[in-house]
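Trainee: Provided below: upload.csv, containing CSV, C-alpha atoms.
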chain,number,residue,atom,x,y,z
P,1,MET,CA,109.4,-98.9,-85.2
P,2,LEU,CA,106.8,-96.3,-84.3
P,3,THR,CA,103.8,-97.4,-82.2
P,4,THR,CA,100.8,-95.6,-80.7
P,5,GLN,CA,102.5,-95.6,-77.3
P,6,SER,CA,105.9,-94.4,-78.5
P,7,ILE,CA,104.3,-91.6,-80.5
P,8,PHE,CA,102.1,-90.5,-77.6
P,9,ASP,CA,105.1,-90.6,-75.2
P,10,ARG,CA,107.2,-88.4,-77.5
P,11,TYR,CA,104.4,-85.9,-77.7
P,12,GLU,CA,104.4,-85.8,-73.9
P,13,GLU,CA,108.1,-85.3,-73.8
P,14,VAL,CA,108.0,-82.2,-76.1
P,15,ARG,CA,104.8,-80.9,-74.8
P,16,ALA,CA,106.4,-77.8,-73.1
P,17,ARG,CA,106.8,-76.5,-76.7
P,18,PHE,CA,103.1,-76.6,-77.3
P,19,PRO,CA,100.5,-73.9,-76.5
P,20,ASP,CA,99.0,-74.0,-73.0
P,21,VAL,CA,95.6,-75.4,-72.5
P,22,ALA,CA,93.3,-75.8,-69.5
P,23,PRO,CA,93.0,-79.5,-68.4
P,24,ARG,CA,89.7,-81.3,-68.9
P,25,THR,CA,88.5,-84.4,-67.1
P,26,ALA,CA,85.8,-86.0,-69.3
P,27,THR,CA,84.5,-86.3,-72.8
P,28,LEU,CA,81.0,-87.1,-74.2
P,29,GLN,CA,80.5,-90.1,-76.5
P,30,ILE,CA,78.5,-89.4,-79.6
P,31,GLN,CA,77.5,-91.6,-82.6
P,32,SER,CA,78.1,-89.2,-85.4
P,33,LEU,CA,78.7,-85.5,-86.1
P,34,LEU,CA,75.1,-85.1,-87.0
P,35,ASP,CA,74.4,-85.4,-83.2
P,36,ILE,CA,76.1,-82.1,-82.6
P,37,ALA,CA,75.5,-80.3,-85.9
P,38,ASP,CA,73.1,-77.8,-84.2
P,39,GLN,CA,75.9,-76.8,-81.8
P,40,VAL,CA,78.5,-76.1,-84.4
P,41,ASP,CA,78.6,-73.7,-87.3
P,42,ALA,CA,81.9,-74.9,-88.8
P,43,PHE,CA,83.5,-78.3,-88.7
P,44,VAL,CA,87.3,-78.4,-89.3
P,45,PHE,CA,88.7,-81.8,-90.2
P,46,ASP,CA,92.1,-83.3,-89.9
P,47,ALA,CA,92.8,-85.5,-92.9
P,48,PHE,CA,94.9,-88.6,-91.9
P,49,GLY,CA,92.9,-90.9,-89.6
P,50,VAL,CA,89.7,-88.8,-90.0
P,51,LEU,CA,88.9,-88.5,-93.7
P,52,ASN,CA,91.5,-90.9,-95.1
P,53,VAL,CA,94.2,-93.4,-94.2
P,54,GLY,CA,97.1,-93.2,-96.6
P,55,GLU,CA,95.6,-92.9,-100.1
P,56,THR,CA,92.2,-94.4,-99.1
P,57,MET,CA,89.2,-92.5,-98.1
P,58,ILE,CA,87.5,-93.7,-94.9
P,59,PRO,CA,84.1,-95.1,-95.7
P,60,GLY,CA,81.3,-92.6,-95.4
P,61,ALA,CA,83.5,-89.5,-95.0
P,62,ASP,CA,82.3,-88.0,-98.2
P,63,ARG,CA,78.7,-88.5,-97.4
P,64,ARG,CA,79.1,-87.0,-93.9
P,65,LEU,CA,80.6,-83.8,-95.3
P,66,ASP,CA,77.7,-83.5,-97.7
P,67,GLN,CA,75.2,-84.0,-94.9
P,68,LEU,CA,76.8,-81.4,-92.7
P,69,ARG,CA,76.7,-78.9,-95.6
P,70,GLU,CA,73.0,-79.7,-96.1
P,71,ARG,CA,72.5,-78.7,-92.5
P,72,GLY,CA,74.1,-75.3,-93.1
P,73,CYS,CA,77.6,-76.1,-91.5
P,74,ASN,CA,80.8,-74.7,-93.0
P,75,ILE,CA,83.4,-77.3,-93.9
P,76,ARG,CA,87.2,-76.8,-93.7
P,77,ILE,CA,90.1,-79.3,-94.0
P,78,LEU,CA,93.2,-78.4,-91.9
P,79,THR,CA,96.1,-80.7,-92.6
P,80,ASN,CA,99.7,-80.7,-91.4
P,81,ALA,CA,100.8,-82.4,-94.6
P,82,ALA,CA,103.3,-80.1,-96.2
P,83,SER,CA,104.6,-82.3,-99.0
P,84,TYR,CA,102.3,-80.7,-101.6
P,85,ASP,CA,102.0,-77.2,-102.8
P,86,ARG,CA,98.4,-75.8,-102.7
P,87,SER,CA,97.4,-77.2,-106.1
P,88,GLY,CA,98.8,-80.6,-105.2
P,89,ALA,CA,96.9,-80.7,-101.9
P,90,ILE,CA,93.7,-79.8,-103.6
P,91,ALA,CA,94.3,-82.5,-106.2
P,92,LYS,CA,95.0,-85.1,-103.5
P,93,PHE,CA,91.6,-84.6,-101.8
P,94,LYS,CA,89.8,-84.7,-105.0
P,95,ARG,CA,91.5,-88.0,-105.9
P,96,LEU,CA,90.3,-89.4,-102.7
P,97,GLY,CA,86.7,-88.7,-103.8
P,98,LEU,CA,85.9,-86.0,-101.3
P,99,ARG,CA,83.7,-83.2,-102.6
P,100,VAL,CA,85.5,-80.1,-101.3
P,101,ASN,CA,86.0,-76.7,-102.6
P,102,ASP,CA,89.5,-75.3,-103.1
P,103,GLU,CA,89.0,-72.6,-100.5
P,104,GLU,CA,88.0,-75.2,-97.9
P,105,ILE,CA,91.5,-76.6,-97.7
P,106,ILE,CA,94.2,-75.1,-95.5
P,107,THR,CA,97.7,-76.6,-95.1
P,108,SER,CA,100.5,-76.1,-92.7
P,109,ARG,CA,102.7,-75.5,-95.7
P,110,GLU,CA,100.8,-72.3,-96.4
P,111,ALA,CA,101.4,-71.1,-92.9
P,112,ALA,CA,105.2,-71.8,-93.1
P,113,LEU,CA,105.6,-70.1,-96.4
P,114,GLN,CA,104.1,-66.9,-95.0
P,115,HIS,CA,107.2,-66.7,-92.7
P,116,LEU,CA,109.9,-67.0,-95.4
P,117,GLY,CA,112.2,-64.0,-95.7
P,118,SER,CA,114.7,-63.1,-98.3
P,119,TRP,CA,117.2,-65.8,-97.5
P,120,HIS,CA,119.0,-68.6,-99.3
P,121,TRP,CA,116.8,-71.5,-98.1
P,122,GLY,CA,117.9,-75.1,-97.8
P,123,VAL,CA,114.8,-77.1,-98.4
P,124,ILE,CA,114.0,-80.6,-97.3
P,125,THR,CA,111.2,-82.0,-99.4
P,126,ALA,CA,110.2,-84.8,-101.8
P,127,ASP,CA,112.2,-85.0,-105.1
P,128,THR,CA,108.8,-84.7,-106.9
P,129,ASP,CA,108.0,-81.3,-105.2
P,130,PRO,CA,108.3,-78.6,-107.9
P,131,LEU,CA,108.9,-75.9,-105.3
P,132,THR,CA,107.0,-73.4,-107.5
P,133,ASP,CA,105.5,-71.7,-104.5
P,134,LEU,CA,108.9,-71.0,-102.9
P,135,PRO,CA,111.3,-68.1,-103.4
P,136,ASN,CA,113.8,-68.5,-106.2
P,137,HIS,CA,116.9,-68.7,-104.0
P,138,VAL,CA,116.5,-72.3,-102.7
P,139,THR,CA,118.7,-75.4,-102.6
P,140,ARG,CA,117.3,-78.9,-102.2
P,141,LEU,CA,119.2,-80.6,-99.4
P,142,LYS,CA,120.4,-84.1,-100.2
P,143,ASP,CA,123.8,-85.7,-99.7
P,144,SER,CA,126.2,-82.8,-100.2
P,145,PRO,CA,127.6,-81.4,-96.9
P,146,ASP,CA,128.6,-78.1,-98.7
P,147,ASP,CA,124.9,-77.4,-99.4
P,148,TYR,CA,124.1,-77.6,-95.7
P,149,ASP,CA,126.9,-75.2,-94.9
P,150,THR,CA,126.2,-72.5,-97.5
P,151,VAL,CA,122.4,-71.9,-97.1
P,152,ASP,CA,121.1,-69.2,-94.7
P,153,GLN,CA,118.1,-71.0,-93.2
P,154,PHE,CA,116.4,-74.4,-93.4
P,155,LEU,CA,112.8,-75.3,-94.4
P,156,PHE,CA,111.6,-78.8,-93.7
P,157,LEU,CA,108.5,-79.8,-95.7
P,158,SER,CA,108.6,-83.6,-96.2
P,159,THR,CA,110.4,-86.7,-95.0
P,160,ALA,CA,109.6,-88.6,-98.3
P,161,ASP,CA,113.3,-88.7,-99.3
P,162,TRP,CA,114.9,-87.9,-96.0
P,163,THR,CA,117.3,-90.3,-94.3
P,164,VAL,CA,119.1,-90.7,-91.0
P,165,ALA,CA,122.3,-89.8,-92.8
P,166,ARG,CA,120.9,-86.6,-94.1
P,167,GLN,CA,119.6,-85.7,-90.7
P,168,GLY,CA,123.1,-86.2,-89.5
P,169,LEU,CA,124.3,-83.7,-92.1
P,170,LEU,CA,121.7,-81.2,-90.9
P,171,MET,CA,122.6,-81.6,-87.3
P,172,LYS,CA,126.3,-81.2,-88.0
P,173,ALA,CA,125.6,-78.0,-90.0
P,174,MET,CA,123.6,-76.7,-87.1
P,175,GLN,CA,126.5,-77.4,-84.7
P,176,ASN,CA,128.9,-75.7,-87.0
P,177,ARG,CA,126.7,-72.6,-87.5
P,178,PRO,CA,123.2,-72.6,-85.9
P,179,ARG,CA,120.5,-71.2,-88.1
P,180,ASN,CA,116.7,-71.0,-88.1
P,181,VAL,CA,114.8,-74.2,-89.0
P,182,LEU,CA,111.2,-73.9,-90.1
P,183,ILE,CA,109.3,-77.2,-89.7
P,184,GLY,CA,106.4,-77.1,-92.2
P,185,ASN,CA,104.6,-80.2,-90.7
P,186,ALA,CA,104.6,-80.4,-86.9
P,187,ASP,CA,103.4,-84.0,-86.8
P,188,LEU,CA,105.6,-86.7,-85.4
P,189,ALA,CA,103.9,-89.4,-87.4
P,190,ALA,CA,100.9,-90.1,-89.6
P,191,PRO,CA,98.7,-93.2,-89.9
P,192,ARG,CA,99.2,-95.1,-93.2
P,193,ASP,CA,97.8,-98.3,-94.6
P,194,ASP,CA,100.7,-100.3,-93.2
P,195,GLY,CA,101.6,-98.5,-90.0
P,196,PHE,CA,102.9,-95.0,-89.2
P,197,SER,CA,105.1,-92.8,-91.3
P,198,VAL,CA,107.8,-90.6,-89.7
P,199,GLU,CA,106.9,-86.9,-90.3
P,200,PRO,CA,109.0,-83.7,-90.2
P,201,GLY,CA,108.0,-82.9,-86.6
P,202,HIS,CA,109.9,-86.0,-85.5
P,203,PHE,CA,113.2,-84.6,-86.9
P,204,GLY,CA,112.3,-81.1,-85.9
P,205,HIS,CA,112.0,-81.9,-82.3
P,206,GLN,CA,115.4,-83.7,-82.4
P,207,ILE,CA,116.9,-80.4,-83.6
P,208,ALA,CA,114.9,-78.4,-81.0
P,209,ASP,CA,116.2,-80.6,-78.3
P,210,LEU,CA,119.7,-79.1,-79.0
P,211,PHE,CA,118.8,-75.8,-80.5
P,212,PRO,CA,115.5,-74.8,-79.0
P,213,ASN,CA,115.7,-71.1,-80.0
P,214,HIS,CA,116.3,-71.9,-83.7
P,215,VAL,CA,113.3,-74.1,-84.5
P,216,GLN,CA,109.8,-72.9,-85.4
P,217,PHE,CA,107.0,-75.4,-86.0
P,218,PHE,CA,104.0,-74.8,-88.2
P,219,GLY,CA,100.7,-76.7,-88.3
P,220,LYS,CA,98.5,-78.0,-85.5
P,221,PRO,CA,98.9,-77.4,-82.5
P,222,PHE,CA,100.7,-74.1,-83.3
P,223,PRO,CA,98.7,-71.0,-83.8
P,224,GLU,CA,99.4,-69.8,-87.4
P,225,VAL,CA,97.1,-72.4,-89.0
P,226,TYR,CA,94.2,-71.4,-86.8
P,227,ASP,CA,94.7,-67.8,-87.9
P,228,LEU,CA,94.3,-69.0,-91.5
P,229,ILE,CA,91.1,-70.9,-90.7
P,230,GLU,CA,89.5,-68.2,-88.7
P,231,ALA,CA,90.3,-65.6,-91.4
P,232,THR,CA,88.0,-67.6,-93.7
P,233,LEU,CA,85.2,-67.7,-91.0
P,234,PRO,CA,85.2,-64.1,-89.9
P,235,SER,CA,81.6,-64.1,-88.5
P,236,LEU,CA,82.0,-67.1,-86.2
P,237,THR,CA,83.0,-67.1,-82.6
P,238,PRO,CA,85.6,-69.8,-81.6
P,239,ASP,CA,83.1,-71.8,-79.6
P,240,ARG,CA,81.0,-72.4,-82.7
P,241,ILE,CA,84.0,-74.0,-84.5
P,242,ALA,CA,84.8,-77.7,-83.9
P,243,MET,CA,88.0,-79.5,-84.7
P,244,CYS,CA,87.7,-83.1,-85.6
P,245,GLY,CA,91.0,-85.1,-85.3
P,246,ASP,CA,92.6,-88.3,-84.3
P,247,THR,CA,95.6,-87.0,-82.2
P,248,LEU,CA,95.4,-85.5,-78.8
P,249,HIS,CA,98.5,-83.4,-78.8
P,250,THR,CA,98.0,-81.8,-82.2
P,251,ASP,CA,94.3,-81.7,-83.2
P,252,ILE,CA,92.7,-81.6,-79.8
P,253,LEU,CA,95.3,-79.5,-77.8
P,254,GLY,CA,95.7,-76.9,-80.5
P,255,ALA,CA,92.0,-76.3,-81.1
P,256,ALA,CA,91.2,-76.3,-77.4
P,257,ALA,CA,93.9,-73.7,-76.8
P,258,ARG,CA,92.2,-71.6,-79.5
P,259,GLY,CA,88.8,-71.8,-77.8
P,260,TRP,CA,87.3,-74.2,-80.4
P,261,ARG,CA,85.2,-77.2,-79.5
P,262,THR,CA,86.9,-80.5,-80.2
P,263,VAL,CA,86.0,-84.0,-81.4
P,264,LEU,CA,88.3,-87.0,-81.0
P,265,VAL,CA,88.0,-89.6,-83.8
P,266,THR,CA,89.2,-93.0,-82.6
P,267,LYS,CA,88.8,-95.8,-85.1
P,268,ASP,CA,91.3,-95.3,-87.9
P,269,GLY,CA,94.0,-92.9,-86.7
P,270,LEU,CA,96.7,-92.8,-84.0
P,271,PHE,CA,94.6,-94.6,-81.5
P,272,ALA,CA,93.2,-97.3,-83.8
P,273,GLY,CA,92.6,-100.4,-81.7
P,274,TYR,CA,93.1,-98.6,-78.4
P,275,ASP,CA,90.9,-97.2,-75.7
P,276,THR,CA,91.6,-93.5,-75.7
P,277,GLN,CA,90.6,-92.9,-72.1
P,278,PRO,CA,93.9,-93.9,-70.5
P,279,PHE,CA,95.8,-91.6,-72.9
P,280,SER,CA,93.4,-88.7,-72.3
P,281,LYS,CA,93.7,-89.2,-68.5
P,282,GLN,CA,97.5,-89.2,-68.6
P,283,ALA,CA,97.7,-86.2,-70.9
P,284,ARG,CA,94.8,-84.4,-69.2
P,285,LEU,CA,93.5,-83.8,-72.7
P,286,PHE,CA,89.8,-84.7,-73.2
P,287,ALA,CA,87.9,-83.6,-76.3
P,288,ASP,CA,84.4,-82.2,-75.9
P,289,TRP,CA,83.1,-85.2,-77.9
P,290,ARG,CA,84.5,-88.6,-78.9
P,291,LEU,CA,83.3,-90.9,-81.6
P,292,SER,CA,84.5,-93.8,-83.7
P,293,ARG,CA,84.1,-92.3,-87.2
P,294,ILE,CA,82.6,-88.9,-88.3
Now, as a test, write the supplied structure out as structure tokens.
Mentor:
Amino acid sequence: MLTTQSIFDRYEEVRARFPDVAPRTATLQIQSLLDIADQVDAFVFDAFGVLNVGETMIPGADRRLDQLRERGCNIRILTNAASYDRSGAIAKFKRLGLRVNDEEIITSREAALQHLGSWHWGVITADTDPLTDLPNHVTRLKDSPDDYDTVDQFLFLSTADWTVARQGLLMKAMQNRPRNVLIGNADLAAPRDDGFSVEPGHFGHQIADLFPNHVQFFGKPFPEVYDLIEATLPSLTPDRIAMCGDTLHTDILGAAARGWRTVLVTKDGLFAGYDTQPFSKQARLFADWRLSRI
């Protein structure tokens, strides 16, 4: 069973694969993002643990985004969720009740899809994913070993219908013939209403442990998603952008490596119920600011 401690420990184990970032030694406690709105021109929000938990919006998140807009701040949502195509991601946030514009949402799936070549892709995704944003030559990977053997490359988008047995088929196919594996969601886990879900990054790092030169991760903390965000904010310098997230090794590390400011949100995400200070000290990852909810 996944726990806050086991997730944190695994992030530390695989940290050599993450961007380098200068260590910090302290963070400033604030009460709300309104306290720092005059220091930030664009707030970039992680979703799970910051704006929502599972399919439920965190109370007050919608109002806070409205207040920040009223103060002249740009809003972006940067999510590692790759289970939905762009239209599905937009629909999900609107179902939650968040008032966001389509262009304010950036996903790790978009970053991964920009790196697809003209290959026969073996795709790991939810059965409900229509795959309309992927190239035509794709095969959904399920329980047929032949499918794993015949595809040219692998694209991992969702764990919704993934199993340990299917992971075994993928590992065996890699042992028989190593190929590139693109992980569309770098998260190890995500907070849900009843605990943590296992995400593609968990399985991706298992593969990278054995085939480190064949696995590429997309999403925070890796750089491609920050390229997409900054392209929508061309007039801003990095130090006027603030990433708000609940996870040290994805949200905080990736943004700090980019030169952004950082806000650790503690009440509802990975560290719910924990004091974040010991984790920050161990990882030497301190956000610029820390608060309970945005």
Trainee: Can you list, as an MDAnalysis selection string, every protein, DNA or RNA residue that comes within 8 Å of Asp46 in chain P when you count only C-alpha atoms, leaving out same-chain residues fewer than 4 positions away?
Mentor: chainID P and resid 50:51 77:79 243:246 251
Trainee: Pick out the residues sitting within 10 Å of range 262-264 of chain P, and hand them over as a PyMOL selection string; count all atoms listed in the file, and ignore anything fewer than 6 positions along from it in its own chain.
Mentor: chain P and resi 27-30+33+43-45+50+239+241-248+251-256+271+276+286-294
Trainee: Could you work out how far CA of Leu2 in chain P lies from CA of Asp194 in chain P, giving the answer in Å with one decimal?
Mentor: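 These two atoms are separated by 11.5 Å.
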Trainee: Output as a tab-separated table one row per residue of range 211-272 of chain P within 6 Å of range 174-189 of chain P: the closest atom pair and its distance in Å to one decimal place, counting all atoms listed in the file, sorted by chain and residue number ascending.
Mentor:
residue	atom	partner	partner_atom	distance
P:His214	CA	P:Asn180	CA	4.5
P:Val215	CA	P:Val181	CA	4.7
P:Gln216	CA	P:Leu182	CA	5.0
P:Phe217	CA	P:Ile183	CA	4.7
P:Phe218	CA	P:Gly184	CA	5.2
P:Gly219	CA	P:Ala186	CA	5.6
Trainee: Looking at P:Pro191, P:Leu98, P:Arg15, P:Leu34, which one is nearest to Ala272 in chain P, with distances taken over all atoms listed in the file?
Mentor: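 Once distances to Ala272 in chain P are computed over all atoms listed in the file, the minimum belongs to P:Pro191.
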Trainee: Counting all atoms listed in the file, give me one row per residue of range 188-250 of chain P with an atom at most 10 Å from an atom of range 53-71 of chain P, showing the shortest contact pair and its distance in Å to one decimal, sorted by chain then residue number, as a tab-separated table.
Mentor:
residue	atom	partner	partner_atom	distance
P:Ala190	CA	P:Gly54	CA	8.5
P:Pro191	CA	P:Val53	CA	6.2
P:Arg192	CA	P:Gly54	CA	4.4
P:Asp193	CA	P:Gly54	CA	5.5
P:Asp194	CA	P:Gly54	CA	8.7
P:Gly195	CA	P:Gly54	CA	9.6
P:Phe196	CA	P:Gly54	CA	9.6
P:Ser197	CA	P:Gly54	CA	9.6
Trainee: Using all atoms listed in the file, find the one residue out of P:Gly72, P:Gly168, P:Pro135, P:Pro23 that sits nearest to Gln206 in chain P.
Mentor: P:Gly168
Trainee: Calculated over only C-alpha atoms, which of the candidates P:Ala89, P:Gln5, P:His120, P:Ala16 has the smallest distance to Ala208 in chain P?
Mentor: P:Ala16
Trainee: Report, in Å to a single decimal, how far apart CA of Thr159 in chain P and CA of Lys142 in chain P are.
Mentor: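 Separation of CA of Lys142 in chain P and CA of Thr159 in chain P: 11.6 Å.
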Trainee: Grab the CA of Ala283 in chain P to CA of Glu13 in chain P distance for me, in Å with one decimal place.
Mentor: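 These atoms are spaced 10.8 Å apart.
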Trainee: Within 8 Å of (89.2, -83.3, -66.7) (coordinates as in the file), grab all the protein and nucleic acid residues, counting only C-alpha atoms, and write them out as a list of chain:residue names.
Mentor: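 Here the neighbourhood of the point contains P:Pro23, P:Arg24, P:Thr25, P:Ala26, P:Lys281, P:Arg284, P:Leu285, P:Phe286.
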Trainee: Determine the nearest neighbour of Asn74 in chain P from the options P:Glu230, P:Glu224, P:Asp133, P:Asp127, counting only C-alpha atoms.
Mentor: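 Selected residue with least distance to Asn74 in chain P: P:Glu230.
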Trainee: Could you check the closest approach to Ile124 in chain P for each of P:Ala82, P:Val14, P:Ala22, P:Ala91 and tell me which residue wins, using only C-alpha atoms?
Mentor: P:Ala82
Trainee: Counting only C-alpha atoms, figure out which residue out of P:Arg86, P:His115, P:Arg76, P:Arg261 gets nearest to Arg99 in chain P.
Mentor: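 Ranking P:Arg86, P:His115, P:Arg76, P:Arg261 by distance to Arg99 in chain P, first place goes to P:Arg76.
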Trainee: I'd like the contact shell of Val100 in chain P - 9 Å cut-off, only C-alpha atoms, skipping same-chain residues fewer than 3 positions apart - returned as number ranges by chain.
Mentor: P: 65, 75-77, 90, 93-94, 103-105
Trainee: Mind rebuilding range 121-130 of chain P with all heavy atoms and writing that out as a short mmCIF file (atom, residue, chain, number, x, y, z; two decimals), keeping the file's coordinate frame?
Mentor:
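Once written, result.cif looks like this:
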data_model
loop_
_atom_site.label_atom_id
_atom_site.label_comp_id
_atom_site.auth_asym_id
_atom_site.auth_seq_id
_atom_site.Cartn_x
_atom_site.Cartn_y
_atom_site.Cartn_z
N TRP P 121 117.42 -70.45 -98.92
CA TRP P 121 116.80 -71.50 -98.10
C TRP P 121 117.32 -72.89 -98.54
O TRP P 121 117.36 -73.22 -99.72
CB TRP P 121 115.28 -71.48 -98.29
CG TRP P 121 114.67 -70.32 -97.58
CD1 TRP P 121 114.39 -69.08 -98.09
CD2 TRP P 121 114.30 -70.28 -96.20
NE1 TRP P 121 113.86 -68.27 -97.11
CE2 TRP P 121 113.79 -68.98 -95.95
CE3 TRP P 121 114.33 -71.21 -95.15
CZ2 TRP P 121 113.34 -68.58 -94.70
CZ3 TRP P 121 113.88 -70.82 -93.91
CH2 TRP P 121 113.38 -69.52 -93.69
N GLY P 122 117.69 -73.68 -97.56
CA GLY P 122 117.90 -75.10 -97.80
C GLY P 122 116.65 -75.85 -97.50
O GLY P 122 116.14 -75.84 -96.37
N VAL P 123 116.11 -76.49 -98.52
CA VAL P 123 114.80 -77.10 -98.40
C VAL P 123 114.84 -78.59 -98.40
O VAL P 123 115.53 -79.22 -99.22
CB VAL P 123 113.91 -76.62 -99.64
CG1 VAL P 123 112.50 -77.19 -99.52
CG2 VAL P 123 113.85 -75.10 -99.70
N ILE P 124 114.13 -79.15 -97.45
CA ILE P 124 114.00 -80.60 -97.30
C ILE P 124 112.61 -80.98 -97.76
O ILE P 124 111.62 -80.64 -97.12
CB ILE P 124 114.25 -81.03 -95.85
CG1 ILE P 124 115.65 -80.61 -95.40
CG2 ILE P 124 114.03 -82.52 -95.69
CD1 ILE P 124 115.82 -80.52 -93.91
N THR P 125 112.52 -81.67 -98.87
CA THR P 125 111.20 -82.00 -99.40
C THR P 125 111.35 -83.20 -100.36
O THR P 125 112.46 -83.70 -100.60
CB THR P 125 110.64 -80.78 -100.19
OG1 THR P 125 109.28 -81.03 -100.50
CG2 THR P 125 111.43 -80.49 -101.45
N ALA P 126 110.22 -83.65 -100.88
CA ALA P 126 110.20 -84.80 -101.80
C ALA P 126 110.87 -84.36 -103.13
O ALA P 126 110.76 -83.21 -103.56
CB ALA P 126 108.81 -85.27 -102.05
N ASP P 127 111.53 -85.30 -103.77
CA ASP P 127 112.20 -85.00 -105.10
C ASP P 127 111.12 -84.56 -106.10
O ASP P 127 111.45 -83.84 -107.04
CB ASP P 127 112.88 -86.25 -105.59
CG ASP P 127 114.13 -86.58 -104.77
OD1 ASP P 127 114.61 -85.68 -104.03
OD2 ASP P 127 114.62 -87.71 -104.88
N THR P 128 109.87 -84.99 -105.91
CA THR P 128 108.80 -84.70 -106.90
C THR P 128 108.19 -83.29 -106.62
O THR P 128 107.37 -82.83 -107.42
CB THR P 128 107.70 -85.71 -106.81
OG1 THR P 128 107.24 -85.84 -105.45
CG2 THR P 128 108.23 -87.07 -107.28
N ASP P 129 108.56 -82.63 -105.54
CA ASP P 129 108.00 -81.30 -105.20
C ASP P 129 108.58 -80.27 -106.15
O ASP P 129 109.79 -80.04 -106.16
CB ASP P 129 108.35 -80.97 -103.76
CG ASP P 129 107.64 -79.72 -103.25
OD1 ASP P 129 107.20 -78.90 -104.08
OD2 ASP P 129 107.55 -79.57 -102.02
N PRO P 130 107.76 -79.59 -106.95
CA PRO P 130 108.30 -78.60 -107.90
C PRO P 130 108.82 -77.34 -107.28
O PRO P 130 109.54 -76.58 -107.93
CB PRO P 130 107.12 -78.34 -108.83
CG PRO P 130 105.91 -78.61 -107.99
CD PRO P 130 106.29 -79.74 -107.08
#
